[in-house]
$ cat final-v6.txt   # compact mmCIF, C-alpha atoms and all ligand atoms
# COMPACT_ATOMS: atom_id res chain seq x y z
CA MET A 1 30.60 33.57 12.09
CA ASN A 2 33.52 35.03 14.03
CA LYS A 3 32.79 34.60 17.68
CA ILE A 4 31.18 31.57 19.34
CA MET A 5 30.28 31.64 23.02
CA ILE A 6 29.79 28.27 24.72
CA VAL A 7 28.07 28.19 28.11
CA VAL A 8 28.60 25.48 30.72
CA GLY A 9 27.42 25.42 34.30
CA ALA A 10 26.88 22.02 35.83
CA ARG A 11 28.62 18.64 35.78
CA PRO A 12 26.70 17.06 32.91
CA ASN A 13 27.45 20.06 30.67
CA PHE A 14 31.20 19.65 30.58
CA MET A 15 31.37 16.39 28.60
CA LYS A 16 28.76 17.71 26.16
CA ALA A 17 30.72 20.92 25.51
CA ALA A 18 34.25 19.47 25.30
CA PRO A 19 33.82 18.04 21.76
CA LEU A 20 32.66 21.47 20.54
CA VAL A 21 35.77 23.10 21.95
CA ALA A 22 37.91 20.36 20.38
CA ALA A 23 36.24 20.90 16.99
CA ILE A 24 36.84 24.67 17.17
CA ARG A 25 40.49 24.07 18.05
CA ARG A 26 40.80 21.72 15.05
CA HIS A 27 39.17 24.27 12.77
CA ASN A 28 41.57 26.98 13.94
CA ARG A 29 44.58 24.74 13.41
CA ASN A 30 43.46 23.83 9.89
CA SER A 31 42.31 27.22 8.75
CA LEU A 32 44.78 29.74 10.08
CA ALA A 33 43.46 32.51 7.82
CA ASN A 34 39.91 32.19 9.11
CA PRO A 35 40.05 31.45 12.85
CA VAL A 36 37.00 31.46 15.10
CA SER A 37 37.13 33.18 18.44
CA LEU A 38 35.85 31.01 21.29
CA CYS A 39 34.57 32.42 24.56
CA LEU A 40 33.91 29.73 27.18
CA VAL A 41 31.61 30.89 29.98
CA HIS A 42 31.14 28.92 33.23
CA THR A 43 28.12 30.05 35.21
CA GLY A 44 29.41 28.41 38.41
CA GLN A 45 26.17 26.48 39.00
CA HIS A 46 28.48 23.64 40.08
CA TYR A 47 31.59 24.77 41.90
CA ASP A 48 33.10 21.95 44.00
CA GLU A 49 36.40 20.67 42.59
CA MET A 50 34.92 17.20 42.05
CA MET A 51 31.75 18.56 40.44
CA SER A 52 33.55 20.97 38.13
CA GLY A 53 37.33 21.63 38.13
CA ALA A 54 38.32 17.96 37.82
CA PHE A 55 36.24 17.68 34.65
CA PHE A 56 38.10 20.51 32.94
CA ASP A 57 41.36 18.61 33.43
CA ASP A 58 39.95 15.20 32.44
CA LEU A 59 38.23 16.54 29.31
CA ASP A 60 41.07 18.81 28.26
CA LEU A 61 38.84 21.86 28.47
CA PRO A 62 40.57 25.26 28.66
CA ALA A 63 39.96 27.35 31.78
CA PRO A 64 36.77 29.35 31.28
CA ASP A 65 37.29 32.82 29.82
CA LEU A 66 34.59 34.08 32.15
CA HIS A 67 33.31 32.60 35.41
CA LEU A 68 30.04 33.91 36.81
CA ALA A 69 30.37 32.17 40.21
CA VAL A 70 26.62 31.99 40.83
CA GLY A 71 26.70 28.96 43.16
CA SER A 72 23.65 27.23 44.61
CA GLY A 73 20.18 28.54 45.38
CA SER A 74 16.53 27.74 44.81
CA HIS A 75 15.64 27.27 41.14
CA ALA A 76 14.32 30.82 40.93
CA VAL A 77 17.27 32.41 42.70
CA GLN A 78 19.86 30.39 40.78
CA THR A 79 18.21 30.98 37.39
CA ALA A 80 17.72 34.69 38.07
CA GLU A 81 21.27 35.17 39.30
CA ILE A 82 22.69 33.46 36.19
CA MET A 83 20.51 35.69 34.01
CA ARG A 84 21.55 38.86 35.79
CA ARG A 85 25.26 38.09 35.46
CA PHE A 86 25.06 36.63 31.95
CA GLU A 87 23.35 39.70 30.52
CA ALA A 88 26.37 41.85 31.32
CA VAL A 89 28.65 39.27 29.71
CA LEU A 90 26.62 39.16 26.50
CA LEU A 91 26.50 42.92 26.21
CA ALA A 92 30.25 43.19 26.66
CA GLN A 93 31.28 40.22 24.50
CA GLU A 94 28.82 40.49 21.61
CA PRO A 95 29.22 36.91 20.32
CA ASP A 96 27.68 35.91 16.99
CA ILE A 97 26.30 32.78 18.51
CA VAL A 98 25.58 31.46 22.00
CA VAL A 99 25.71 27.68 22.42
CA VAL A 100 23.91 26.16 25.39
CA VAL A 101 24.01 22.44 26.15
CA GLY A 102 21.77 19.99 28.00
CA ASP A 103 18.91 20.84 30.33
CA VAL A 104 20.24 22.42 33.51
CA ASN A 105 19.23 25.79 34.93
CA SER A 106 22.24 27.44 33.29
CA THR A 107 21.02 26.22 29.89
CA LEU A 108 17.65 27.91 30.12
CA ALA A 109 18.87 31.01 31.94
CA CYS A 110 21.45 31.86 29.27
CA ALA A 111 19.18 31.04 26.32
CA LEU A 112 16.53 33.33 27.77
CA VAL A 113 18.96 36.20 28.23
CA ALA A 114 20.32 35.79 24.70
CA SER A 115 16.80 35.76 23.25
CA LYS A 116 16.01 39.20 24.68
CA ILE A 117 19.30 41.00 24.64
CA PRO A 118 18.56 44.58 23.62
CA CYS A 119 19.22 45.44 20.01
CA ASP A 120 20.74 48.84 19.59
CA GLY A 121 22.47 50.65 16.78
CA GLY A 122 21.12 48.15 14.25
CA ARG A 123 22.81 45.31 16.12
CA SER A 124 20.74 42.14 16.40
CA ARG A 125 20.93 39.49 19.09
CA PRO A 126 23.21 36.45 18.76
CA LEU A 127 21.93 33.21 17.31
CA ILE A 128 21.07 30.65 19.97
CA ALA A 129 22.10 27.02 19.47
CA HIS A 130 20.84 24.25 21.74
CA VAL A 131 22.91 21.07 21.86
CA GLU A 132 20.84 18.05 22.97
CA ALA A 133 17.55 19.52 21.83
CA GLY A 134 14.22 17.72 21.59
CA LEU A 135 14.50 15.23 24.43
CA ARG A 136 11.22 14.89 26.35
CA SER A 137 10.27 12.91 29.45
CA PHE A 138 6.75 14.41 29.25
CA ASP A 139 7.03 14.88 33.02
CA ARG A 140 6.73 18.57 33.86
CA ASP A 141 7.52 17.83 37.51
CA MET A 142 11.15 17.48 36.44
CA PRO A 143 12.86 20.88 36.43
CA GLU A 144 14.98 19.64 33.52
CA GLU A 145 11.87 19.03 31.39
CA VAL A 146 10.81 22.64 31.86
CA ASN A 147 14.33 23.74 30.96
CA ARG A 148 14.34 21.56 27.82
CA VAL A 149 11.00 22.70 26.45
CA LEU A 150 11.63 26.39 27.01
CA THR A 151 15.20 26.34 25.72
CA ASP A 152 14.11 24.55 22.54
CA HIS A 153 11.47 27.18 21.86
CA LEU A 154 14.04 29.95 22.26
CA ALA A 155 16.73 28.39 20.07
CA ASP A 156 17.46 29.13 16.41
CA LEU A 157 19.48 25.96 15.84
CA LEU A 158 18.39 22.75 17.52
CA PHE A 159 20.98 19.96 17.54
CA VAL A 160 19.32 16.62 18.19
CA THR A 161 20.88 13.41 19.50
CA GLU A 162 18.23 10.84 18.62
CA GLU A 163 15.26 10.29 16.31
CA SER A 164 12.66 10.90 19.08
CA GLY A 165 14.03 14.42 19.50
CA MET A 166 13.16 15.37 15.93
CA GLN A 167 9.64 14.00 16.26
CA ASN A 168 9.08 15.85 19.55
CA LEU A 169 10.22 19.17 18.11
CA LEU A 170 8.16 18.86 14.95
CA ARG A 171 5.10 17.95 17.05
CA GLU A 172 5.63 21.16 19.05
CA GLY A 173 5.61 23.24 15.89
CA ILE A 174 9.32 23.95 15.57
CA PRO A 175 10.19 24.40 11.89
CA ASP A 176 12.10 21.55 10.30
CA SER A 177 14.68 24.04 9.03
CA LYS A 178 15.89 24.72 12.59
CA ILE A 179 16.35 21.04 13.50
CA HIS A 180 19.62 19.21 12.87
CA PHE A 181 20.13 15.54 13.71
CA VAL A 182 23.85 15.44 14.45
CA GLY A 183 24.40 12.67 17.01
CA ASN A 184 25.53 12.92 20.60
CA THR A 185 28.44 15.01 21.86
CA MET A 186 28.34 13.20 25.21
CA ILE A 187 29.22 10.03 23.30
CA ASP A 188 31.96 11.90 21.41
CA SER A 189 33.54 12.46 24.84
CA VAL A 190 33.16 8.82 25.87
CA LEU A 191 34.82 7.60 22.68
CA ALA A 192 37.58 10.21 22.84
CA SER A 193 38.37 9.38 26.48
CA LEU A 194 38.32 5.58 26.59
CA VAL A 195 42.06 5.10 26.21
CA LYS A 196 42.80 7.59 28.99
CA ALA A 197 40.06 6.10 31.18
CA GLU A 198 41.68 2.65 30.87
CA GLN A 199 44.82 4.16 32.42
CA SER A 200 42.88 5.22 35.53
CA ARG A 201 44.07 3.51 38.73
CA ILE A 202 40.62 3.52 40.29
CA LEU A 203 40.01 -0.24 39.95
CA ASP A 204 43.23 -1.02 41.81
CA GLN A 205 42.66 1.70 44.39
CA LEU A 206 39.27 0.25 45.25
CA GLY A 207 40.44 -3.37 45.11
CA LEU A 208 38.07 -4.18 42.23
CA ARG A 209 40.37 -5.63 39.58
CA ARG A 210 38.72 -8.88 38.40
CA ILE A 211 35.87 -8.49 40.95
CA PRO A 212 32.35 -8.22 39.48
CA TYR A 213 30.74 -5.06 40.84
CA SER A 214 27.85 -2.68 40.19
CA LEU A 215 27.90 1.09 40.02
CA LEU A 216 25.17 3.32 41.45
CA THR A 217 24.33 7.02 41.10
CA LEU A 218 21.29 8.77 42.58
CA HIS A 219 20.76 12.50 42.77
CA ARG A 220 17.28 13.43 41.46
CA PRO A 221 15.38 15.44 44.07
CA ALA A 222 12.35 13.17 43.44
CA ASN A 223 14.44 10.15 44.51
CA VAL A 224 16.61 11.42 47.33
CA ASP A 225 14.88 14.42 48.88
CA GLN A 226 12.20 12.37 50.68
CA ARG A 227 13.25 9.74 53.20
CA GLU A 228 10.51 7.25 52.25
CA MET A 229 11.41 7.27 48.57
CA PHE A 230 15.17 7.07 49.19
CA LEU A 231 14.63 4.17 51.64
CA ASN A 232 12.39 2.40 49.17
CA ILE A 233 15.11 2.54 46.49
CA LEU A 234 17.75 1.29 48.91
CA GLU A 235 15.52 -1.64 49.80
CA GLY A 236 15.11 -2.42 46.10
CA LEU A 237 18.92 -2.70 45.92
CA GLN A 238 19.26 -5.02 48.88
CA ASP A 239 19.32 -8.40 47.05
CA LEU A 240 22.09 -7.07 44.82
CA SER A 241 24.10 -5.54 47.66
CA ASN A 242 23.97 -8.86 49.56
CA THR A 243 25.80 -10.58 46.74
CA CYS A 244 28.05 -8.02 45.08
CA PRO A 245 29.82 -4.75 45.83
CA ILE A 246 27.93 -1.65 44.69
CA LEU A 247 30.05 1.47 44.23
CA PHE A 248 28.13 4.63 45.02
CA PRO A 249 29.91 7.93 44.27
CA ALA A 250 27.33 10.24 45.80
CA HIS A 251 26.35 13.73 44.59
CA PRO A 252 26.78 16.30 47.43
CA ARG A 253 23.00 16.68 47.88
CA THR A 254 22.65 12.87 48.19
CA GLY A 255 25.47 12.72 50.74
CA ARG A 256 23.73 15.34 52.84
CA ARG A 257 20.36 13.56 52.63
CA ILE A 258 21.91 10.29 53.83
CA GLN A 259 23.07 12.05 57.02
CA GLU A 260 19.88 14.05 57.46
CA PHE A 261 17.65 10.96 57.08
CA GLY A 262 19.87 8.71 59.24
CA LEU A 263 20.42 6.26 56.36
CA GLU A 264 24.11 5.62 57.15
CA PRO A 265 23.51 1.98 58.23
CA PHE A 266 22.78 1.10 54.59
CA PHE A 267 26.30 2.03 53.50
CA MET A 268 29.92 1.02 53.93
CA VAL A 269 32.25 4.01 54.01
CA PRO A 270 35.83 3.36 52.88
CA ALA A 271 38.24 5.45 54.95
CA GLY A 272 40.80 6.01 52.20
CA THR A 273 42.07 4.80 48.88
CA LYS A 274 43.75 1.76 50.43
CA ASP A 275 40.41 0.40 51.56
CA THR A 276 39.02 -2.35 49.45
CA CYS A 277 35.51 -2.11 48.10
CA ALA A 278 35.50 -5.76 47.07
CA ALA A 279 33.11 -6.96 49.77
CA PRO A 280 29.34 -7.11 49.11
CA GLY A 281 27.47 -3.98 50.24
CA ILE A 282 26.93 -0.40 49.08
CA HIS A 283 30.23 1.50 49.27
CA LEU A 284 29.70 5.23 49.64
CA LEU A 285 32.34 7.31 47.82
CA GLU A 286 32.96 10.99 47.17
CA PRO A 287 32.02 12.20 43.64
CA LEU A 288 34.56 10.97 41.07
CA GLY A 289 36.24 12.69 38.15
CA TYR A 290 35.22 11.91 34.56
CA LEU A 291 37.98 9.42 33.68
CA ASP A 292 37.73 7.43 36.93
CA PHE A 293 33.96 7.26 36.58
CA LEU A 294 34.18 6.23 32.93
CA CYS A 295 36.62 3.46 33.86
CA LEU A 296 34.28 2.19 36.61
CA MET A 297 31.30 2.38 34.25
CA LYS A 298 33.06 0.48 31.45
CA HIS A 299 34.05 -2.43 33.70
CA ALA A 300 30.83 -2.63 35.75
CA ALA A 301 28.59 -5.69 35.52
CA LEU A 302 25.61 -3.38 35.96
CA VAL A 303 24.94 0.34 36.37
CA ILE A 304 21.97 1.63 38.36
CA THR A 305 21.18 5.31 37.99
CA ASP A 306 18.66 8.13 37.88
CA SER A 307 20.91 10.24 35.64
CA GLY A 308 20.00 11.04 32.03
CA GLY A 309 23.49 10.99 30.55
CA ILE A 310 24.54 7.72 32.17
CA GLN A 311 21.72 5.94 30.31
CA GLU A 312 23.41 7.06 27.10
CA GLU A 313 26.98 6.39 28.19
CA THR A 314 26.15 2.80 29.26
CA THR A 315 24.39 2.25 25.94
CA SER A 316 27.51 3.35 24.07
CA LEU A 317 29.66 1.06 26.25
CA GLY A 318 27.30 -1.93 26.00
CA VAL A 319 26.94 -2.10 29.80
CA PRO A 320 23.50 -3.06 31.21
CA CYS A 321 21.76 -0.15 32.90
CA VAL A 322 18.78 0.03 35.27
CA THR A 323 17.20 3.48 35.42
CA VAL A 324 15.47 4.24 38.70
CA ARG A 325 12.85 6.56 37.27
CA LYS A 326 9.35 6.27 35.88
CA ASN A 327 10.29 7.59 32.45
CA THR A 328 13.17 8.51 30.22
CA GLU A 329 13.65 11.39 27.82
CA ARG A 330 16.16 9.15 25.99
CA PRO A 331 14.02 6.31 24.59
CA VAL A 332 16.67 5.14 22.14
CA THR A 333 18.68 3.82 25.12
CA VAL A 334 15.81 1.38 25.73
CA SER A 335 14.83 0.55 22.13
CA ARG A 336 18.39 0.14 20.80
CA GLY A 337 20.62 0.28 23.84
CA THR A 338 21.18 -1.46 27.17
CA ASN A 339 18.76 0.46 29.38
CA VAL A 340 15.68 -0.68 31.31
CA ILE A 341 13.29 1.73 33.02
CA ALA A 342 12.67 0.25 36.46
CA GLY A 343 10.27 2.74 38.05
CA THR A 344 10.89 3.64 41.69
CA GLU A 345 9.11 0.83 43.56
CA GLU A 346 11.19 -1.58 45.63
CA ASP A 347 9.78 -4.55 43.76
CA THR A 348 10.14 -3.16 40.23
CA ILE A 349 13.75 -2.15 40.94
CA ARG A 350 14.57 -5.62 42.26
CA LYS A 351 13.01 -7.29 39.18
CA ALA A 352 14.74 -4.96 36.71
CA ILE A 353 18.11 -5.68 38.35
CA ALA A 354 17.51 -9.45 38.21
CA LYS A 355 16.52 -9.19 34.54
CA GLN A 356 19.53 -7.08 33.59
CA LEU A 357 21.98 -9.40 35.37
CA LEU A 358 20.81 -12.24 33.14
CA THR A 359 20.73 -10.30 29.90
CA ASN A 360 23.36 -10.83 27.27
CA GLN A 361 21.52 -9.39 24.33
CA PRO A 362 23.95 -7.28 22.30
CA ALA A 363 22.92 -3.62 22.02
CA THR A 364 23.17 -1.65 18.80
CA LEU A 365 24.66 1.83 18.78
CA PRO A 366 22.09 4.56 18.01
CA GLU A 367 22.44 6.34 14.68
CA LYS A 368 25.24 8.93 14.51
CA TRP A 369 26.62 8.08 17.96
CA ASP A 370 29.97 7.78 16.22
CA GLY A 371 32.17 10.35 17.94
CA ARG A 372 31.65 13.06 15.30
CA ALA A 373 28.69 15.06 16.60
CA GLY A 374 30.86 17.98 17.79
CA GLU A 375 32.46 18.23 14.37
CA ARG A 376 29.03 18.27 12.65
CA ILE A 377 27.74 20.99 14.97
CA ILE A 378 30.72 23.28 14.51
CA ALA A 379 30.62 22.79 10.71
CA LYS A 380 26.97 23.87 10.76
CA LEU A 381 27.68 26.89 12.98
CA LEU A 382 30.55 28.02 10.79
CA ALA A 383 28.27 27.95 7.77
CA MET A 384 25.78 30.32 9.42
CA PRO A 385 25.62 34.04 8.66
CA GLY A 386 26.46 36.39 11.57
CA ARG A 387 24.02 37.58 14.19
CA ALA A 388 20.32 36.62 14.02
CA GLU A 389 18.44 38.18 11.12
CA GLU A 390 15.04 39.72 11.76
CA GLU A 391 13.07 36.67 10.56
CA ASP A 392 15.11 34.36 12.81
CA LEU A 393 14.09 36.27 15.88
CA VAL A 394 10.60 34.83 16.14
CA ALA A 395 10.56 31.28 17.51
CA PRO A 396 7.04 29.81 17.60
CA LEU A 397 5.95 28.81 21.11
CA SER A 398 3.55 26.11 19.95
CA ASN A 399 1.13 25.20 17.22
CA ALA A 400 -1.53 27.12 19.10
CA THR A 401 -2.30 30.68 18.02
CA SER A 402 -0.73 33.13 20.45
CA THR A 403 -3.05 35.30 22.47
C1 LIG A 501 21.84 19.81 38.46
C2 LIG A 501 20.85 19.75 37.30
C3 LIG A 501 20.55 18.30 36.97
C4 LIG A 501 21.80 17.51 36.75
C5 LIG A 501 22.68 17.65 37.97
C6 LIG A 501 23.98 16.89 37.83
C7 LIG A 501 19.24 21.62 37.24
C8 LIG A 501 17.83 21.96 37.39
N1 LIG A 501 19.61 20.39 37.65
O1 LIG A 501 21.19 19.27 39.58
O2 LIG A 501 19.77 18.26 35.79
O3 LIG A 501 21.47 16.16 36.53
O4 LIG A 501 22.98 19.04 38.14
O5 LIG A 501 24.71 16.97 39.00
O6 LIG A 501 20.00 22.41 36.76
N2 LIG A 501 26.11 21.28 45.37
C9 LIG A 501 27.35 21.17 45.95
N3 LIG A 501 28.44 21.41 45.16
C10 LIG A 501 28.33 21.74 43.85
C11 LIG A 501 27.05 21.87 43.30
C12 LIG A 501 25.95 21.62 44.05
O7 LIG A 501 27.49 20.87 47.13
O8 LIG A 501 29.36 21.94 43.19
C13 LIG A 501 24.92 21.00 46.20
C14 LIG A 501 24.29 22.27 46.75
O9 LIG A 501 23.82 22.01 48.03
C15 LIG A 501 23.10 22.47 45.86
C16 LIG A 501 22.73 21.07 45.48
O10 LIG A 501 23.95 20.35 45.42
O11 LIG A 501 22.11 23.18 46.49
C17 LIG A 501 22.02 20.98 44.18
O12 LIG A 501 22.76 21.63 43.16
P1 LIG A 501 22.03 22.28 41.90
O13 LIG A 501 23.00 22.84 40.94
O14 LIG A 501 20.96 23.15 42.38
O15 LIG A 501 21.30 21.05 41.22
P2 LIG A 501 21.75 19.52 41.04
O16 LIG A 501 20.94 18.67 41.93
O17 LIG A 501 23.23 19.36 41.08
$ encode --input "final-v6.txt" --output "C-alpha cells" --more "lines below"
Ligand code: UD1
Amino acid sequence: MNKIMIVVGARPNFMKAAPLVAAIRRHNRNSLANPVSLCLVHTGQHYDEMMSGAFFDDLDLPAPDLHLAVGSGSHAVQTAEIMRRFEAVLLAQEPDIVVVVGDVNSTLACALVASKIPCDGGRSRPLIAHVEAGLRSFDRDMPEEVNRVLTDHLADLLFVTEESGMQNLLREGIPDSKIHFVGNTMIDSVLASLVKAEQSRILDQLGLRRIPYSLLTLHRPANVDQREMFLNILEGLQDLSNTCPILFPAHPRTGRRIQEFGLEPFFMVPAGTKDTCAAPGIHLLEPLGYLDFLCLMKHAALVITDSGGIQEETTSLGVPCVTVRKNTERPVTVSRGTNVIAGTEEDTIRKAIAKQLLTNQPATLPEKWDGRAGERIIAKLLAMPGRAEEEDLVAPLSNATST
C-alpha cells in the first residue's frame, strides 16, 4: 500500500478525516524506510471559511493537495459535478486506496467514481474504504441515508463506529470479512482537541463564563426548509429560552431560512464579540470553528441538535443532548450515551428538554471510543495488498438475487 487518497468535502468530514492524516504522519515518522504517500482531496462541497478553512487550522489538517471547488447545487448537480471532477483526479493520481468518510454527497460521489474507474493495461481500480460505515436511520427520505447505504455497498473495507453498524451491514448481506469495528474517528478528534478547546476565548467573548447556557444547532432540510416545521421547533424551545441563554451558531442555509420566513423576532442577534449572550433568549451566531464549538459544547448544560455527529460528541463529553429528529442512525448514543430522541413536535421537544435538564445519570462511553480509531484504520490499510484484486471488485448489493 503506497498511496492513500483521503476525500473530504463538507464540514462534518474534516474531524473524521483528521485522525487518519495524523496516523499516516505518525507512521511516516516512525518508519522512514517505508513511507506512505497521502493525497488529500477536498471536493469543495463546503467552501465558506467558517464551514471549511477554519476547520483545517483547528484540526491541524494540511492544505488539500487537490481542491475540486464544486460548490453548491441540487443533490443531482452537486453529486454529478463531484463525480465528473473526481474521475480526472483518480485517473491522474492512481492511488492504491480511496478513503471516504461519513455520509455527505461527496462521500457517495467519490466512492461511485472509484468503483467504476476504467481498468486498462492490467491496472485494477483502487480499494475503497468507508469510514463510519453501517449507520442506518432506516429513513430513506434523508439524503444521507441514501448516501450511507450506497457507499457501504460500493466499499471494500467498511470501518464501523458502533455495534449496530455491524449488525446492519451483515443484515444487508455484506460479508463479515469486509467489516471492521474500529471505533469512532470523530471521537478521536474530540479527545485530541480538548486541551486546545479549553484555551478558546469564546466563553469570555460571549459573556458566558459561569453562566448556565444551552447550545443549539439546526440545519436538516426537513427541519428548517419549511416555515411550519421550523416555527414548531422554535416554539418547542420557548420554555427553555425564557429561562436560559441558548447559543445558536446557524448553518448558512438556516440563516437564510430565518430571513426568508420572517422568523427574526425569535432571535437575539449580538452585534459583535463584545456583546454578552448571558441573557435568556436564543442568540443567533455565525457558524463557529471546531475548537470554539467544542468548548461551547463541553461547558453547555444542554445541547439541542439535529446533527448526527453532535449526538456522538455530546455522548463522549457526557453532556445531555436532545435530538430534534424522529430517529437516529447512532443508537448507541441513546442506549449508552447522553442522547434523547425528541421527535419534531413542539410538545415532545419541550418534554425531552425538561427531562434532560433533570437527568444526572452518568453515561458510559461506547466501546472503542478511546481516541485510537484512526490508528486502527491506518494499520488495517497498511496491511492491505495494493489495488483491488479481481475478486474484491464485486460488492453484493443485497441478499436478493440480482436480476
Ligand atoms: C451537508 C450534508 C449533511 C451535513 C451538512 C453539515 C449532504 C447531502 N448533506 O448538508 O449531511 O450534515 O452538510 O453542514 O451532503 N452553503 C453555504 N456555504 C457553504 C456550504 C453550503 O452557504 O460553505 C449553503 C448553500 O446555500 C448550500 C446550502 O448551504 O446550497 C446547503 O449546502 P449543501 O452542501 O448542499 O448541504 P448541507 O445542508 O450543508
$ closest_residue --input "final-v6.txt" --among "A:Glu132, A:Asp176, A:Asp139, A:Asp347" --to "Val160 (chain A)" --atoms "all atoms listed in the file"
A:Glu132
$ residues_near_ligand --input "final-v6.txt" --ligand "ligand LIG 501 (chain A)" --cutoff "9 Å" --atoms "only C-alpha atoms and all ligand atoms" --output "PyMOL selection string"
chain A and resi 9-13+44-52+71-75+78-79+102-108+142-147+219-221+251-254+256+306-309
$ closest_residue --input "final-v6.txt" --among "A:Ala92, A:Val334, A:Glu162, A:Met297" --to "Ser200 (chain A)" --atoms "all atoms listed in the file"
A:Met297
$ residues_around --input "final-v6.txt" --residues "Val303 (chain A)" --least-positions-apart "4" --cutoff "9 Å" --atoms "all atoms listed in the file" --output "NGL selection string"
:A and (214-217 or 297 or 310-311 or 314 or 319-323)
$ closest_residue --input "final-v6.txt" --among "A:Ala109, A:Leu158, A:Val149, A:Ile233" --to "Val182 (chain A)" --atoms "all atoms listed in the file"
A:Leu158
$ atom_distance --input "final-v6.txt" --atom1 "CA of Leu284 (chain A)" --atom2 "CA of Lys16 (chain A)"
26.6 Å
$ residues_near_point --input "final-v6.txt" --point "(26.5, 13.2, 17.9)" --cutoff "7 Å" --atoms "all atoms listed in the file" --output "PyMOL selection string"
chain A and resi 161+182-185+187-188+368-374
$ write_last_selection --input "final-v6.txt" --atoms "C-alpha atoms" --output "tab-separated table (two decimals), in the frame of the given file"
chain	number	residue	atom	x	y	z
A	161	THR	CA	20.88	13.41	19.50
A	182	VAL	CA	23.85	15.44	14.45
A	183	GLY	CA	24.40	12.67	17.01
A	184	ASN	CA	25.53	12.92	20.60
A	185	THR	CA	28.44	15.01	21.86
A	187	ILE	CA	29.22	10.03	23.30
A	188	ASP	CA	31.96	11.90	21.41
A	368	LYS	CA	25.24	8.93	14.51
A	369	TRP	CA	26.62	8.08	17.96
A	370	ASP	CA	29.97	7.78	16.22
A	371	GLY	CA	32.17	10.35	17.94
A	372	ARG	CA	31.65	13.06	15.30
A	373	ALA	CA	28.69	15.06	16.60
A	374	GLY	CA	30.86	17.98	17.79
$ residues_around --input "final-v6.txt" --residues "Cys244 (chain A)" --least-positions-apart "4" --cutoff "9 Å" --atoms "only C-alpha atoms" --output "NGL selection string"
:A and (211-214 or 239-240 or 278-282)
$ atom_distance --input "final-v6.txt" --atom1 "CA of Asn168 (chain A)" --atom2 "CA of Asp152 (chain A)"
10.5 Å
$ closest_residue --input "final-v6.txt" --among "A:Ala352, A:Leu90, A:Leu150, A:Val190" --to "Pro19 (chain A)" --atoms "all atoms listed in the file"
A:Val190
$ decode --input "final-v6.txt" --residues "region 216-228 of chain A" --atoms "N, CA, C and O atoms" --output "PDB file, in the first residue's frame"
ATOM      1  N   LEU A 216     -27.527  25.208  20.580  1.00  0.00           N
ATOM      2  CA  LEU A 216     -28.498  24.707  19.601  1.00  0.00           C
ATOM      3  C   LEU A 216     -27.875  24.674  18.208  1.00  0.00           C
ATOM      4  O   LEU A 216     -27.194  25.623  17.810  1.00  0.00           O
ATOM      5  N   THR A 217     -28.095  23.578  17.465  1.00  0.00           N
ATOM      6  CA  THR A 217     -27.792  23.594  16.026  1.00  0.00           C
ATOM      7  C   THR A 217     -28.971  22.967  15.281  1.00  0.00           C
ATOM      8  O   THR A 217     -29.553  21.989  15.751  1.00  0.00           O
ATOM      9  N   LEU A 218     -29.330  23.555  14.163  1.00  0.00           N
ATOM     10  CA  LEU A 218     -30.402  23.026  13.308  1.00  0.00           C
ATOM     11  C   LEU A 218     -30.020  23.292  11.860  1.00  0.00           C
ATOM     12  O   LEU A 218     -29.739  24.436  11.505  1.00  0.00           O
ATOM     13  N   HIS A 219     -29.981  22.264  11.050  1.00  0.00           N
ATOM     14  CA  HIS A 219     -29.700  22.535   9.637  1.00  0.00           C
ATOM     15  C   HIS A 219     -30.354  21.542   8.693  1.00  0.00           C
ATOM     16  O   HIS A 219     -30.301  21.720   7.474  1.00  0.00           O
ATOM     17  N   ARG A 220     -30.993  20.472   9.215  1.00  0.00           N
ATOM     18  CA  ARG A 220     -31.588  19.477   8.307  1.00  0.00           C
ATOM     19  C   ARG A 220     -32.679  20.123   7.482  1.00  0.00           C
ATOM     20  O   ARG A 220     -33.568  20.783   8.028  1.00  0.00           O
ATOM     21  N   PRO A 221     -32.657  19.880   6.162  1.00  0.00           N
ATOM     22  CA  PRO A 221     -33.720  20.441   5.315  1.00  0.00           C
ATOM     23  C   PRO A 221     -35.108  20.113   5.884  1.00  0.00           C
ATOM     24  O   PRO A 221     -35.991  20.964   5.894  1.00  0.00           O
ATOM     25  N   ALA A 222     -35.305  18.892   6.406  1.00  0.00           N
ATOM     26  CA  ALA A 222     -36.629  18.516   6.914  1.00  0.00           C
ATOM     27  C   ALA A 222     -37.056  19.403   8.076  1.00  0.00           C
ATOM     28  O   ALA A 222     -38.254  19.580   8.332  1.00  0.00           O
ATOM     29  N   ASN A 223     -36.106  19.991   8.793  1.00  0.00           N
ATOM     30  CA  ASN A 223     -36.440  20.830   9.952  1.00  0.00           C
ATOM     31  C   ASN A 223     -36.502  22.312   9.637  1.00  0.00           C
ATOM     32  O   ASN A 223     -37.268  23.038  10.273  1.00  0.00           O
ATOM     33  N   VAL A 224     -35.689  22.771   8.704  1.00  0.00           N
ATOM     34  CA  VAL A 224     -35.611  24.233   8.525  1.00  0.00           C
ATOM     35  C   VAL A 224     -36.101  24.727   7.165  1.00  0.00           C
ATOM     36  O   VAL A 224     -36.231  25.937   6.970  1.00  0.00           O
ATOM     37  N   ASP A 225     -36.394  23.826   6.250  1.00  0.00           N
ATOM     38  CA  ASP A 225     -36.777  24.303   4.916  1.00  0.00           C
ATOM     39  C   ASP A 225     -38.266  24.606   4.785  1.00  0.00           C
ATOM     40  O   ASP A 225     -38.697  25.171   3.767  1.00  0.00           O
ATOM     41  N   GLN A 226     -39.078  24.204   5.790  1.00  0.00           N
ATOM     42  CA  GLN A 226     -40.499  24.582   5.769  1.00  0.00           C
ATOM     43  C   GLN A 226     -40.807  25.431   6.997  1.00  0.00           C
ATOM     44  O   GLN A 226     -40.478  25.028   8.121  1.00  0.00           O
ATOM     45  N   ARG A 227     -41.481  26.560   6.744  1.00  0.00           N
ATOM     46  CA  ARG A 227     -41.722  27.518   7.824  1.00  0.00           C
ATOM     47  C   ARG A 227     -42.447  26.884   9.010  1.00  0.00           C
ATOM     48  O   ARG A 227     -42.057  27.065  10.167  1.00  0.00           O
ATOM     49  N   GLU A 228     -43.494  26.096   8.711  1.00  0.00           N
ATOM     50  CA  GLU A 228     -44.308  25.498   9.781  1.00  0.00           C
ATOM     51  C   GLU A 228     -43.457  24.647  10.716  1.00  0.00           C
ATOM     52  O   GLU A 228     -43.587  24.718  11.935  1.00  0.00           O
TER      53      GLU A 228
END
